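Visitor: Data: coords.txt, compact mmCIF, N, CA and C atoms and all ligand atoms.
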# COMPACT_ATOMS: atom_id res chain seq x y z
N MET T 1 72.32 -27.35 17.57
CA MET T 1 72.58 -28.06 16.31
C MET T 1 73.08 -27.06 15.25
N ARG T 2 74.16 -27.41 14.56
CA ARG T 2 74.73 -26.53 13.53
C ARG T 2 74.19 -26.96 12.16
N VAL T 3 73.50 -26.03 11.51
CA VAL T 3 72.85 -26.33 10.23
C VAL T 3 73.47 -25.47 9.14
N GLY T 4 73.86 -26.10 8.03
CA GLY T 4 74.39 -25.36 6.90
C GLY T 4 73.29 -25.10 5.88
N LEU T 5 73.32 -23.93 5.28
CA LEU T 5 72.38 -23.60 4.20
C LEU T 5 73.16 -23.24 2.96
N GLY T 6 72.69 -23.69 1.81
CA GLY T 6 73.33 -23.33 0.55
C GLY T 6 72.29 -23.27 -0.54
N SER T 7 72.50 -22.39 -1.52
CA SER T 7 71.54 -22.30 -2.63
C SER T 7 72.21 -21.72 -3.86
N ASP T 8 71.51 -21.88 -4.98
CA ASP T 8 71.88 -21.09 -6.17
C ASP T 8 70.93 -19.88 -6.19
N HIS T 9 70.92 -19.15 -7.32
CA HIS T 9 70.06 -17.96 -7.43
C HIS T 9 68.57 -18.31 -7.28
N ALA T 10 68.18 -19.49 -7.79
CA ALA T 10 66.76 -19.88 -7.75
C ALA T 10 66.30 -20.24 -6.33
N GLY T 11 67.26 -20.51 -5.46
CA GLY T 11 66.90 -20.85 -4.08
C GLY T 11 67.26 -19.77 -3.09
N PHE T 12 67.82 -18.67 -3.61
CA PHE T 12 68.36 -17.62 -2.73
C PHE T 12 67.32 -17.06 -1.75
N GLU T 13 66.14 -16.71 -2.27
CA GLU T 13 65.15 -16.06 -1.39
C GLU T 13 64.67 -17.02 -0.32
N LEU T 14 64.44 -18.27 -0.68
CA LEU T 14 64.02 -19.26 0.32
C LEU T 14 65.14 -19.49 1.34
N LYS T 15 66.38 -19.51 0.88
CA LYS T 15 67.50 -19.68 1.83
C LYS T 15 67.50 -18.55 2.85
N GLU T 16 67.31 -17.31 2.39
CA GLU T 16 67.31 -16.17 3.32
C GLU T 16 66.15 -16.29 4.32
N PHE T 17 65.01 -16.74 3.84
CA PHE T 17 63.84 -16.93 4.72
C PHE T 17 64.14 -18.01 5.77
N LEU T 18 64.69 -19.12 5.32
CA LEU T 18 65.00 -20.21 6.27
C LEU T 18 66.06 -19.77 7.26
N LYS T 19 67.04 -19.02 6.79
CA LYS T 19 68.12 -18.56 7.68
C LYS T 19 67.53 -17.76 8.84
N LYS T 20 66.70 -16.79 8.51
CA LYS T 20 66.09 -15.93 9.53
C LYS T 20 65.26 -16.76 10.52
N ASN T 21 64.45 -17.66 9.99
CA ASN T 21 63.53 -18.40 10.84
C ASN T 21 64.19 -19.53 11.63
N LEU T 22 65.20 -20.16 11.06
CA LEU T 22 65.90 -21.22 11.81
C LEU T 22 66.70 -20.60 12.96
N LYS T 23 67.26 -19.42 12.72
CA LYS T 23 67.98 -18.71 13.80
C LYS T 23 67.01 -18.40 14.94
N LYS T 24 65.82 -17.94 14.59
CA LYS T 24 64.78 -17.64 15.58
C LYS T 24 64.44 -18.87 16.40
N GLU T 25 64.47 -20.02 15.75
CA GLU T 25 64.13 -21.29 16.43
C GLU T 25 65.30 -21.81 17.27
N GLY T 26 66.45 -21.13 17.22
CA GLY T 26 67.58 -21.52 18.07
C GLY T 26 68.64 -22.36 17.37
N PHE T 27 68.51 -22.58 16.07
CA PHE T 27 69.56 -23.33 15.35
C PHE T 27 70.76 -22.42 15.10
N ASP T 28 71.93 -23.05 15.09
CA ASP T 28 73.16 -22.36 14.79
C ASP T 28 73.34 -22.49 13.26
N VAL T 29 73.19 -21.39 12.53
CA VAL T 29 73.14 -21.48 11.06
C VAL T 29 74.43 -20.98 10.42
N ILE T 30 74.97 -21.77 9.50
CA ILE T 30 76.12 -21.33 8.70
C ILE T 30 75.65 -21.22 7.25
N ASP T 31 75.88 -20.06 6.64
CA ASP T 31 75.43 -19.81 5.27
C ASP T 31 76.59 -20.00 4.30
N TYR T 32 76.46 -21.00 3.42
CA TYR T 32 77.50 -21.30 2.44
C TYR T 32 77.27 -20.58 1.10
N GLY T 33 76.33 -19.64 1.08
CA GLY T 33 76.06 -18.90 -0.14
C GLY T 33 75.01 -19.61 -1.00
N THR T 34 74.65 -19.04 -2.06
CA THR T 34 75.11 -17.82 -2.65
C THR T 34 74.61 -16.61 -1.85
N HIS T 35 75.33 -15.53 -1.93
CA HIS T 35 74.97 -14.37 -1.12
C HIS T 35 74.28 -13.27 -1.92
N ILE T 36 74.22 -13.43 -3.23
CA ILE T 36 73.51 -12.44 -4.07
C ILE T 36 72.66 -13.20 -5.09
N LYS T 37 71.74 -12.48 -5.74
CA LYS T 37 70.77 -13.13 -6.64
C LYS T 37 71.32 -13.47 -8.03
N LYS T 38 72.52 -13.04 -8.34
CA LYS T 38 73.11 -13.26 -9.67
C LYS T 38 73.15 -14.76 -9.99
N SER T 39 72.98 -15.10 -11.26
CA SER T 39 72.95 -16.51 -11.67
C SER T 39 74.28 -17.21 -11.37
N VAL T 40 74.18 -18.35 -10.71
CA VAL T 40 75.36 -19.15 -10.33
C VAL T 40 75.07 -20.61 -10.63
N ASP T 41 76.05 -21.47 -10.41
CA ASP T 41 75.90 -22.90 -10.71
C ASP T 41 75.74 -23.70 -9.41
N TYR T 42 74.61 -24.40 -9.30
CA TYR T 42 74.29 -25.08 -8.03
C TYR T 42 75.34 -26.11 -7.58
N PRO T 43 76.05 -26.82 -8.48
CA PRO T 43 77.02 -27.82 -7.95
C PRO T 43 78.10 -27.18 -7.07
N ASP T 44 78.44 -25.91 -7.33
CA ASP T 44 79.48 -25.24 -6.53
C ASP T 44 79.04 -25.11 -5.07
N TYR T 45 77.77 -24.89 -4.87
CA TYR T 45 77.26 -24.71 -3.49
C TYR T 45 77.03 -26.06 -2.82
N ALA T 46 76.68 -27.06 -3.62
CA ALA T 46 76.57 -28.42 -3.08
C ALA T 46 77.94 -28.86 -2.58
N GLU T 47 78.97 -28.53 -3.33
CA GLU T 47 80.34 -28.93 -2.94
C GLU T 47 80.75 -28.24 -1.64
N ARG T 48 80.51 -26.93 -1.54
CA ARG T 48 80.91 -26.19 -0.33
C ARG T 48 80.21 -26.73 0.91
N LEU T 49 78.90 -26.93 0.79
CA LEU T 49 78.15 -27.35 1.99
C LEU T 49 78.50 -28.79 2.39
N THR T 50 78.64 -29.68 1.41
CA THR T 50 78.94 -31.07 1.77
C THR T 50 80.33 -31.18 2.39
N GLU T 51 81.22 -30.30 1.99
CA GLU T 51 82.54 -30.26 2.63
C GLU T 51 82.40 -29.90 4.11
N GLY T 52 81.46 -29.03 4.41
CA GLY T 52 81.17 -28.65 5.80
C GLY T 52 80.71 -29.86 6.62
N ILE T 53 79.95 -30.74 6.00
CA ILE T 53 79.51 -31.96 6.71
C ILE T 53 80.69 -32.90 6.88
N GLN T 54 81.46 -33.08 5.81
CA GLN T 54 82.62 -33.99 5.88
C GLN T 54 83.62 -33.53 6.94
N ASN T 55 83.80 -32.22 7.08
CA ASN T 55 84.74 -31.67 8.08
C ASN T 55 84.13 -31.54 9.46
N ARG T 56 82.86 -31.90 9.59
CA ARG T 56 82.11 -31.79 10.85
C ARG T 56 81.95 -30.34 11.34
N ASP T 57 81.95 -29.40 10.40
CA ASP T 57 81.65 -28.01 10.76
C ASP T 57 80.15 -27.84 11.01
N ILE T 58 79.37 -28.68 10.35
CA ILE T 58 77.90 -28.64 10.53
C ILE T 58 77.39 -30.07 10.73
N ASP T 59 76.22 -30.17 11.37
CA ASP T 59 75.61 -31.49 11.63
C ASP T 59 74.69 -31.92 10.50
N ALA T 60 74.10 -30.96 9.81
CA ALA T 60 73.16 -31.26 8.72
C ALA T 60 73.13 -30.06 7.78
N GLY T 61 72.63 -30.30 6.57
CA GLY T 61 72.59 -29.20 5.60
C GLY T 61 71.28 -29.14 4.84
N VAL T 62 70.99 -27.94 4.34
CA VAL T 62 69.83 -27.74 3.47
C VAL T 62 70.32 -27.05 2.21
N LEU T 63 70.07 -27.68 1.06
CA LEU T 63 70.50 -27.12 -0.22
C LEU T 63 69.27 -26.82 -1.06
N ILE T 64 69.23 -25.65 -1.65
CA ILE T 64 68.04 -25.21 -2.39
C ILE T 64 68.43 -24.75 -3.79
N CYS T 65 67.76 -25.32 -4.79
CA CYS T 65 67.87 -24.80 -6.16
C CYS T 65 66.43 -24.61 -6.64
N GLY T 66 66.21 -24.52 -7.95
CA GLY T 66 64.85 -24.29 -8.43
C GLY T 66 63.92 -25.44 -8.08
N THR T 67 64.40 -26.65 -8.30
CA THR T 67 63.57 -27.84 -8.07
C THR T 67 64.03 -28.69 -6.88
N GLY T 68 65.25 -28.52 -6.45
CA GLY T 68 65.86 -29.40 -5.46
C GLY T 68 66.51 -30.63 -6.10
N ILE T 69 66.26 -30.82 -7.39
CA ILE T 69 66.76 -32.03 -8.07
C ILE T 69 68.25 -31.91 -8.36
N GLY T 70 68.66 -30.80 -8.95
CA GLY T 70 70.09 -30.62 -9.27
C GLY T 70 70.94 -30.69 -8.01
N MET T 71 70.47 -30.05 -6.95
CA MET T 71 71.23 -30.07 -5.69
C MET T 71 71.33 -31.49 -5.15
N SER T 72 70.28 -32.28 -5.26
CA SER T 72 70.36 -33.64 -4.71
C SER T 72 71.29 -34.51 -5.56
N ILE T 73 71.25 -34.34 -6.86
CA ILE T 73 72.15 -35.12 -7.73
C ILE T 73 73.60 -34.77 -7.40
N ALA T 74 73.87 -33.47 -7.29
CA ALA T 74 75.25 -33.04 -7.02
C ALA T 74 75.71 -33.46 -5.63
N ALA T 75 74.89 -33.22 -4.62
CA ALA T 75 75.30 -33.52 -3.23
C ALA T 75 75.60 -35.00 -3.05
N ASN T 76 74.81 -35.85 -3.70
CA ASN T 76 74.99 -37.30 -3.52
C ASN T 76 76.25 -37.85 -4.18
N LYS T 77 76.97 -37.01 -4.91
CA LYS T 77 78.26 -37.44 -5.48
C LYS T 77 79.36 -37.43 -4.44
N PHE T 78 79.14 -36.74 -3.32
CA PHE T 78 80.20 -36.57 -2.33
C PHE T 78 80.12 -37.63 -1.24
N LYS T 79 81.30 -38.05 -0.79
CA LYS T 79 81.42 -39.12 0.19
C LYS T 79 80.70 -38.78 1.51
N ASN T 80 80.04 -39.79 2.05
CA ASN T 80 79.33 -39.66 3.34
C ASN T 80 78.12 -38.74 3.29
N ILE T 81 77.66 -38.44 2.08
CA ILE T 81 76.49 -37.58 1.97
C ILE T 81 75.29 -38.41 1.54
N ARG T 82 74.21 -38.25 2.30
CA ARG T 82 72.93 -38.85 1.92
C ARG T 82 71.93 -37.69 1.82
N ALA T 83 71.75 -37.23 0.59
CA ALA T 83 70.89 -36.08 0.35
C ALA T 83 69.51 -36.55 -0.11
N ALA T 84 68.48 -35.96 0.45
CA ALA T 84 67.11 -36.34 0.09
C ALA T 84 66.34 -35.10 -0.35
N ARG T 85 65.77 -35.20 -1.55
CA ARG T 85 64.89 -34.12 -2.01
C ARG T 85 63.50 -34.36 -1.43
N CYS T 86 63.04 -33.44 -0.64
CA CYS T 86 61.75 -33.63 0.03
C CYS T 86 60.75 -32.56 -0.40
N CYS T 87 59.53 -33.02 -0.68
CA CYS T 87 58.46 -32.12 -1.10
C CYS T 87 57.33 -32.08 -0.06
N SER T 88 57.46 -32.86 1.00
CA SER T 88 56.42 -32.90 2.02
C SER T 88 57.06 -33.14 3.38
N ILE T 89 56.31 -32.91 4.44
CA ILE T 89 56.80 -33.16 5.79
C ILE T 89 57.05 -34.66 5.97
N GLN T 90 56.15 -35.47 5.40
CA GLN T 90 56.31 -36.93 5.51
C GLN T 90 57.60 -37.40 4.83
N ASP T 91 57.92 -36.82 3.67
CA ASP T 91 59.20 -37.14 3.01
C ASP T 91 60.36 -36.89 3.97
N ALA T 92 60.31 -35.72 4.64
CA ALA T 92 61.43 -35.31 5.51
C ALA T 92 61.55 -36.25 6.71
N ILE T 93 60.42 -36.61 7.29
CA ILE T 93 60.44 -37.51 8.46
C ILE T 93 61.02 -38.87 8.05
N LEU T 94 60.57 -39.39 6.93
CA LEU T 94 61.05 -40.71 6.50
C LEU T 94 62.50 -40.69 6.04
N ALA T 95 62.92 -39.58 5.44
CA ALA T 95 64.33 -39.46 5.01
C ALA T 95 65.26 -39.51 6.22
N ARG T 96 64.79 -39.00 7.34
CA ARG T 96 65.59 -39.07 8.58
C ARG T 96 65.42 -40.45 9.24
N GLN T 97 64.19 -40.88 9.43
CA GLN T 97 63.95 -42.13 10.18
C GLN T 97 64.56 -43.34 9.48
N HIS T 98 64.41 -43.44 8.18
CA HIS T 98 64.83 -44.65 7.46
C HIS T 98 66.19 -44.52 6.79
N ASN T 99 66.51 -43.32 6.30
CA ASN T 99 67.72 -43.16 5.47
C ASN T 99 68.84 -42.41 6.16
N ASP T 100 68.60 -41.91 7.35
CA ASP T 100 69.60 -41.10 8.06
C ASP T 100 70.18 -40.03 7.13
N ALA T 101 69.31 -39.41 6.35
CA ALA T 101 69.77 -38.37 5.41
C ALA T 101 70.42 -37.23 6.20
N ASN T 102 71.53 -36.73 5.67
CA ASN T 102 72.19 -35.61 6.35
C ASN T 102 72.09 -34.30 5.56
N VAL T 103 71.51 -34.37 4.38
CA VAL T 103 71.26 -33.15 3.59
C VAL T 103 69.83 -33.20 3.07
N LEU T 104 69.12 -32.11 3.26
CA LEU T 104 67.76 -31.93 2.72
C LEU T 104 67.88 -31.05 1.49
N THR T 105 67.25 -31.43 0.39
CA THR T 105 67.23 -30.52 -0.75
C THR T 105 65.79 -30.09 -1.04
N LEU T 106 65.65 -28.82 -1.34
CA LEU T 106 64.33 -28.22 -1.54
C LEU T 106 64.25 -27.48 -2.87
N GLY T 107 63.06 -27.42 -3.44
CA GLY T 107 62.81 -26.69 -4.68
C GLY T 107 62.28 -25.30 -4.37
N GLY T 108 63.13 -24.32 -4.52
CA GLY T 108 62.75 -22.93 -4.21
C GLY T 108 61.67 -22.40 -5.13
N ARG T 109 61.56 -22.98 -6.34
CA ARG T 109 60.53 -22.51 -7.28
C ARG T 109 59.25 -23.32 -7.16
N LEU T 110 59.27 -24.33 -6.31
CA LEU T 110 58.11 -25.23 -6.23
C LEU T 110 57.37 -25.14 -4.91
N LEU T 111 58.11 -24.87 -3.83
CA LEU T 111 57.50 -24.92 -2.50
C LEU T 111 57.38 -23.52 -1.93
N GLY T 112 56.36 -23.27 -1.17
CA GLY T 112 56.22 -21.99 -0.48
C GLY T 112 57.15 -21.92 0.72
N ASN T 113 57.35 -20.70 1.22
CA ASN T 113 58.25 -20.50 2.36
C ASN T 113 57.80 -21.26 3.60
N GLU T 114 56.52 -21.15 3.93
CA GLU T 114 56.05 -21.75 5.19
C GLU T 114 56.14 -23.26 5.15
N LEU T 115 55.74 -23.88 4.03
CA LEU T 115 55.85 -25.34 3.93
C LEU T 115 57.31 -25.76 3.98
N SER T 116 58.17 -25.00 3.31
CA SER T 116 59.61 -25.32 3.34
C SER T 116 60.16 -25.27 4.75
N LEU T 117 59.72 -24.30 5.54
CA LEU T 117 60.19 -24.20 6.92
C LEU T 117 59.71 -25.41 7.73
N GLU T 118 58.46 -25.81 7.54
CA GLU T 118 57.94 -26.97 8.27
C GLU T 118 58.69 -28.25 7.85
N ILE T 119 58.96 -28.39 6.55
CA ILE T 119 59.71 -29.56 6.06
C ILE T 119 61.11 -29.56 6.69
N THR T 120 61.73 -28.39 6.72
CA THR T 120 63.09 -28.28 7.26
C THR T 120 63.12 -28.61 8.75
N LYS T 121 62.16 -28.08 9.51
CA LYS T 121 62.13 -28.37 10.95
C LYS T 121 61.89 -29.86 11.19
N ALA T 122 61.00 -30.46 10.41
CA ALA T 122 60.75 -31.91 10.56
C ALA T 122 62.03 -32.68 10.29
N PHE T 123 62.76 -32.27 9.26
CA PHE T 123 64.01 -32.95 8.90
C PHE T 123 65.03 -32.83 10.04
N LEU T 124 65.16 -31.63 10.58
CA LEU T 124 66.21 -31.39 11.59
C LEU T 124 65.85 -31.99 12.95
N GLU T 125 64.59 -32.19 13.19
CA GLU T 125 64.17 -32.64 14.53
C GLU T 125 63.86 -34.13 14.61
N THR T 126 63.87 -34.82 13.48
CA THR T 126 63.52 -36.25 13.50
C THR T 126 64.77 -37.11 13.62
N PRO T 127 64.83 -38.00 14.60
CA PRO T 127 66.01 -38.87 14.72
C PRO T 127 65.96 -40.09 13.77
N PHE T 128 67.13 -40.62 13.50
CA PHE T 128 67.27 -41.86 12.72
C PHE T 128 66.78 -43.02 13.60
N LEU T 129 66.01 -43.94 13.01
CA LEU T 129 65.44 -45.04 13.81
C LEU T 129 66.42 -46.18 14.08
N LYS T 130 67.49 -46.24 13.33
CA LYS T 130 68.49 -47.34 13.44
C LYS T 130 67.81 -48.70 13.19
N GLY T 131 68.11 -49.73 14.00
CA GLY T 131 67.50 -51.05 13.79
C GLY T 131 67.80 -51.58 12.40
N ARG T 132 66.79 -52.10 11.72
CA ARG T 132 66.99 -52.67 10.37
C ARG T 132 67.45 -51.61 9.38
N HIS T 133 67.09 -50.35 9.66
CA HIS T 133 67.49 -49.27 8.75
C HIS T 133 68.99 -49.02 8.80
N LEU T 134 69.59 -49.28 9.95
CA LEU T 134 71.04 -49.09 10.07
C LEU T 134 71.78 -50.06 9.16
N ARG T 135 71.30 -51.30 9.12
CA ARG T 135 71.94 -52.30 8.24
C ARG T 135 71.92 -51.80 6.78
N ARG T 136 70.80 -51.24 6.38
CA ARG T 136 70.66 -50.78 4.99
C ARG T 136 71.50 -49.54 4.72
N VAL T 137 71.52 -48.63 5.68
CA VAL T 137 72.34 -47.42 5.51
C VAL T 137 73.82 -47.81 5.49
N ASN T 138 74.20 -48.80 6.29
CA ASN T 138 75.60 -49.27 6.26
C ASN T 138 75.96 -49.83 4.89
N LYS T 139 74.99 -50.47 4.23
CA LYS T 139 75.25 -50.98 2.86
C LYS T 139 75.47 -49.81 1.90
N ILE T 140 74.73 -48.72 2.10
CA ILE T 140 74.95 -47.52 1.26
C ILE T 140 76.34 -46.96 1.55
N LYS T 141 76.70 -46.92 2.84
CA LYS T 141 78.03 -46.38 3.21
C LYS T 141 79.14 -47.19 2.55
N ARG T 142 78.95 -48.50 2.45
CA ARG T 142 79.98 -49.33 1.81
C ARG T 142 80.14 -48.98 0.32
N LEU T 143 79.09 -48.50 -0.30
CA LEU T 143 79.16 -48.11 -1.73
C LEU T 143 80.06 -46.89 -1.93
N ASP T 144 80.25 -46.13 -0.85
CA ASP T 144 81.10 -44.93 -0.90
C ASP T 144 82.58 -45.27 -1.06
N LYS T 145 82.92 -46.51 -0.68
CA LYS T 145 84.37 -46.84 -0.60
C LYS T 145 84.96 -47.19 -1.95
C1 LIG X 1 68.50 -22.89 -12.46
O1 LIG X 1 67.80 -22.25 -13.47
C2 LIG X 1 67.92 -24.30 -12.22
O2 LIG X 1 68.23 -25.11 -13.30
C3 LIG X 1 68.44 -24.86 -10.92
O3 LIG X 1 68.10 -24.01 -9.88
C4 LIG X 1 67.90 -26.22 -10.49
O4 LIG X 1 66.51 -26.25 -10.47
C5 LIG X 1 68.48 -27.40 -11.13
O5 LIG X 1 68.14 -28.54 -10.79
Would you encode the structure as structure tokens?

Guide:
Amino acid sequence: MRVGLGSDHAGFELKEFLKKNLKKEGFDVIDYGTHIKKSVDYPDYAERLTEGIQNRDIDAGVLICGTGIGMSIAANKFKNIRAARCCSIQDAILARQHNDANVLTLGGRLLGNELSLEITKAFLETPFLKGRHLRRVNKIKRLDK
């Protein structure tokens, strides 16, 4: 599975931690930046990573800012993106099962590294349930047009 990671300065350290650990777990990781700790603007990284999903360069993405809120607002502006800000493993499982979310957003200033890794693995490993949820996700997809 090809996973994209992106962050601003507030999510940089967590992004580096996730990159190392997801690679260890066997995921194919593409890093969309930021690559240094200098202050940057999170919408720029949301744009780069979501383009990767639209072009099918990656199967799913993880975007990290201070709270995960700015990244989710920005990512959800792009076509075919369903970004979910998750603060728990249960959030991540339900975002996949019910919403077929393709981008996870995390708060680098709010969550610890280990919990973030568990949330990320739950997100990447949980399949979409389809069924009645597919009808609802299709209605969201129609809003994109
Ligand atoms: C940057 O200071 C901070 O505003 C940003 O990382 C994010 O939390 C915005 O939602």

Visitor: Find the residues near ligand LIG 1 (chain X). Use a cut-off of 9 Å, count only C-alpha atoms and all ligand atoms, and write them as number ranges by chain.

Guide: T: 7-11, 39-42, 64-73, 107-109

Visitor: Report, in Å with one decimal, the straight-line distance from atom C of T:His133 to atom C of T:Ile53.

Guide: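 Computing it gives 20.0 Å between the two atoms.
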
Visitor: For a test of reading the model, state the distance in Å between atom CA of T:Leu104 and atom CA of T:Val3, rounded to one decimal.

Guide: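 Answer for the atom CA of T:Leu104 to atom CA of T:Val3 separation: 10.7 Å.
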
Visitor: Run DSSP on the backbone and grab whatever in chain T lands in strand (DSSP E); send it over as a list of chain:residue names.

Guide: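 Here are the strand (DSSP E) residues of chain T: T:Arg2, T:Val3, T:Gly4, T:Leu5, T:Gly6, T:Ser7, T:Asp28, T:Val29, T:Ile30, T:Asp31, T:Ala60, T:Gly61, T:Val62, T:Leu63, T:Ile64, T:Cys65, T:Ala83, T:Ala84, T:Arg85, T:Val103, T:Leu104, T:Thr105, T:Leu106, T:Gly107.
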
Visitor: Write the selection just made, keeping N, CA and C atoms, as a short mmCIF file (atom, residue, chain, number, x, y, z; two decimals), in the frame of the given file?

Guide:
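Full text of result37.cif as output:
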data_model
loop_
_atom_site.label_atom_id
_atom_site.label_comp_id
_atom_site.auth_asym_id
_atom_site.auth_seq_id
_atom_site.Cartn_x
_atom_site.Cartn_y
_atom_site.Cartn_z
N ARG T 2 74.16 -27.41 14.56
CA ARG T 2 74.73 -26.53 13.53
C ARG T 2 74.19 -26.96 12.16
N VAL T 3 73.50 -26.03 11.51
CA VAL T 3 72.85 -26.33 10.23
C VAL T 3 73.47 -25.47 9.14
N GLY T 4 73.86 -26.10 8.03
CA GLY T 4 74.39 -25.36 6.90
C GLY T 4 73.29 -25.10 5.88
N LEU T 5 73.32 -23.93 5.28
CA LEU T 5 72.38 -23.60 4.20
C LEU T 5 73.16 -23.24 2.96
N GLY T 6 72.69 -23.69 1.81
CA GLY T 6 73.33 -23.33 0.55
C GLY T 6 72.29 -23.27 -0.54
N SER T 7 72.50 -22.39 -1.52
CA SER T 7 71.54 -22.30 -2.63
C SER T 7 72.21 -21.72 -3.86
N ASP T 28 71.93 -23.05 15.09
CA ASP T 28 73.16 -22.36 14.79
C ASP T 28 73.34 -22.49 13.26
N VAL T 29 73.19 -21.39 12.53
CA VAL T 29 73.14 -21.48 11.06
C VAL T 29 74.43 -20.98 10.42
N ILE T 30 74.97 -21.77 9.50
CA ILE T 30 76.12 -21.33 8.70
C ILE T 30 75.65 -21.22 7.25
N ASP T 31 75.88 -20.06 6.64
CA ASP T 31 75.43 -19.81 5.27
C ASP T 31 76.59 -20.00 4.30
N ALA T 60 74.10 -30.96 9.81
CA ALA T 60 73.16 -31.26 8.72
C ALA T 60 73.13 -30.06 7.78
N GLY T 61 72.63 -30.30 6.57
CA GLY T 61 72.59 -29.20 5.60
C GLY T 61 71.28 -29.14 4.84
N VAL T 62 70.99 -27.94 4.34
CA VAL T 62 69.83 -27.74 3.47
C VAL T 62 70.32 -27.05 2.21
N LEU T 63 70.07 -27.68 1.06
CA LEU T 63 70.50 -27.12 -0.22
C LEU T 63 69.27 -26.82 -1.06
N ILE T 64 69.23 -25.65 -1.65
CA ILE T 64 68.04 -25.21 -2.39
C ILE T 64 68.43 -24.75 -3.79
N CYS T 65 67.76 -25.32 -4.79
CA CYS T 65 67.87 -24.80 -6.16
C CYS T 65 66.43 -24.61 -6.64
N ALA T 83 71.75 -37.23 0.59
CA ALA T 83 70.89 -36.08 0.35
C ALA T 83 69.51 -36.55 -0.11
N ALA T 84 68.48 -35.96 0.45
CA ALA T 84 67.11 -36.34 0.09
C ALA T 84 66.34 -35.10 -0.35
N ARG T 85 65.77 -35.20 -1.55
CA ARG T 85 64.89 -34.12 -2.01
C ARG T 85 63.50 -34.36 -1.43
N VAL T 103 71.51 -34.37 4.38
CA VAL T 103 71.26 -33.15 3.59
C VAL T 103 69.83 -33.20 3.07
N LEU T 104 69.12 -32.11 3.26
CA LEU T 104 67.76 -31.93 2.72
C LEU T 104 67.88 -31.05 1.49
N THR T 105 67.25 -31.43 0.39
CA THR T 105 67.23 -30.52 -0.75
C THR T 105 65.79 -30.09 -1.04
N LEU T 106 65.65 -28.82 -1.34
CA LEU T 106 64.33 -28.22 -1.54
C LEU T 106 64.25 -27.48 -2.87
N GLY T 107 63.06 -27.42 -3.44
CA GLY T 107 62.81 -26.69 -4.68
C GLY T 107 62.28 -25.30 -4.37
#

Visitor: Take atom CA of T:Ala60 and atom CA of T:Ala92 and report the distance between them in Å, one decimal.

Guide: 12.8 Å

Visitor: Identify which of the residues T:Cys87, T:Met1, T:Ala75, T:Val137 lies closest to T:Pro43, counting all atoms listed in the file when measuring atom-to-atom distances.

Guide: T:Ala75

Visitor: Could you give me the residues within stretch 48-96 of chain T that DSSP places in alpha helix (DSSP H), as a PyMOL selection string?

Guide: chain T and resi 48-54+69-75+89-96

Visitor: Which residues of stretch 43-67 of chain T sit at most 12 Å from stretch 99-102 of chain T, using only C-alpha atoms? Give each one's shortest atom pair and distance in Å (one decimal place), in chain and ascending residue order, as CSV.

Guide:
residue,atom,partner,partner_atom,distance
T:Leu49,CA,T:Asn102,CA,11.1
T:Thr50,CA,T:Asn102,CA,9.3
T:Gly52,CA,T:Asn102,CA,11.4
T:Ile53,CA,T:Asn102,CA,8.2
T:Gln54,CA,T:Asn102,CA,10.6
T:Arg56,CA,T:Asn102,CA,11.5
T:Ile58,CA,T:Asn102,CA,9.9
T:Asp59,CA,T:Asn102,CA,7.5
T:Ala60,CA,T:Asn102,CA,5.0
T:Gly61,CA,T:Asn102,CA,6.5
T:Val62,CA,T:Asn102,CA,8.7
T:Leu63,CA,T:Asn102,CA,10.9

Visitor: Write the selection just made, keeping N, CA and C atoms, as a PDB file, keeping the file's coordinate frame?

Guide:
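Produced file again_3.pdb, reproduced below:
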ATOM      1  N   LEU T  49      78.900 -26.930   0.790  1.00  0.00           N
ATOM      2  CA  LEU T  49      78.150 -27.350   1.990  1.00  0.00           C
ATOM      3  C   LEU T  49      78.500 -28.790   2.390  1.00  0.00           C
ATOM      4  N   THR T  50      78.640 -29.680   1.410  1.00  0.00           N
ATOM      5  CA  THR T  50      78.940 -31.070   1.770  1.00  0.00           C
ATOM      6  C   THR T  50      80.330 -31.180   2.390  1.00  0.00           C
ATOM      7  N   GLY T  52      81.460 -29.030   4.410  1.00  0.00           N
ATOM      8  CA  GLY T  52      81.170 -28.650   5.800  1.00  0.00           C
ATOM      9  C   GLY T  52      80.710 -29.860   6.620  1.00  0.00           C
ATOM     10  N   ILE T  53      79.950 -30.740   6.000  1.00  0.00           N
ATOM     11  CA  ILE T  53      79.510 -31.960   6.710  1.00  0.00           C
ATOM     12  C   ILE T  53      80.690 -32.900   6.880  1.00  0.00           C
ATOM     13  N   GLN T  54      81.460 -33.080   5.810  1.00  0.00           N
ATOM     14  CA  GLN T  54      82.620 -33.990   5.880  1.00  0.00           C
ATOM     15  C   GLN T  54      83.620 -33.530   6.940  1.00  0.00           C
ATOM     16  N   ARG T  56      82.860 -31.900   9.590  1.00  0.00           N
ATOM     17  CA  ARG T  56      82.110 -31.790  10.850  1.00  0.00           C
ATOM     18  C   ARG T  56      81.950 -30.340  11.340  1.00  0.00           C
ATOM     19  N   ILE T  58      79.370 -28.680  10.350  1.00  0.00           N
ATOM     20  CA  ILE T  58      77.900 -28.640  10.530  1.00  0.00           C
ATOM     21  C   ILE T  58      77.390 -30.070  10.730  1.00  0.00           C
ATOM     22  N   ASP T  59      76.220 -30.170  11.370  1.00  0.00           N
ATOM     23  CA  ASP T  59      75.610 -31.490  11.630  1.00  0.00           C
ATOM     24  C   ASP T  59      74.690 -31.920  10.500  1.00  0.00           C
ATOM     25  N   ALA T  60      74.100 -30.960   9.810  1.00  0.00           N
ATOM     26  CA  ALA T  60      73.160 -31.260   8.720  1.00  0.00           C
ATOM     27  C   ALA T  60      73.130 -30.060   7.780  1.00  0.00           C
ATOM     28  N   GLY T  61      72.630 -30.300   6.570  1.00  0.00           N
ATOM     29  CA  GLY T  61      72.590 -29.200   5.600  1.00  0.00           C
ATOM     30  C   GLY T  61      71.280 -29.140   4.840  1.00  0.00           C
ATOM     31  N   VAL T  62      70.990 -27.940   4.340  1.00  0.00           N
ATOM     32  CA  VAL T  62      69.830 -27.740   3.470  1.00  0.00           C
ATOM     33  C   VAL T  62      70.320 -27.050   2.210  1.00  0.00           C
ATOM     34  N   LEU T  63      70.070 -27.680   1.060  1.00  0.00           N
ATOM     35  CA  LEU T  63      70.500 -27.120  -0.220  1.00  0.00           C
ATOM     36  C   LEU T  63      69.270 -26.820  -1.060  1.00  0.00           C
TER      37      LEU T  63
END
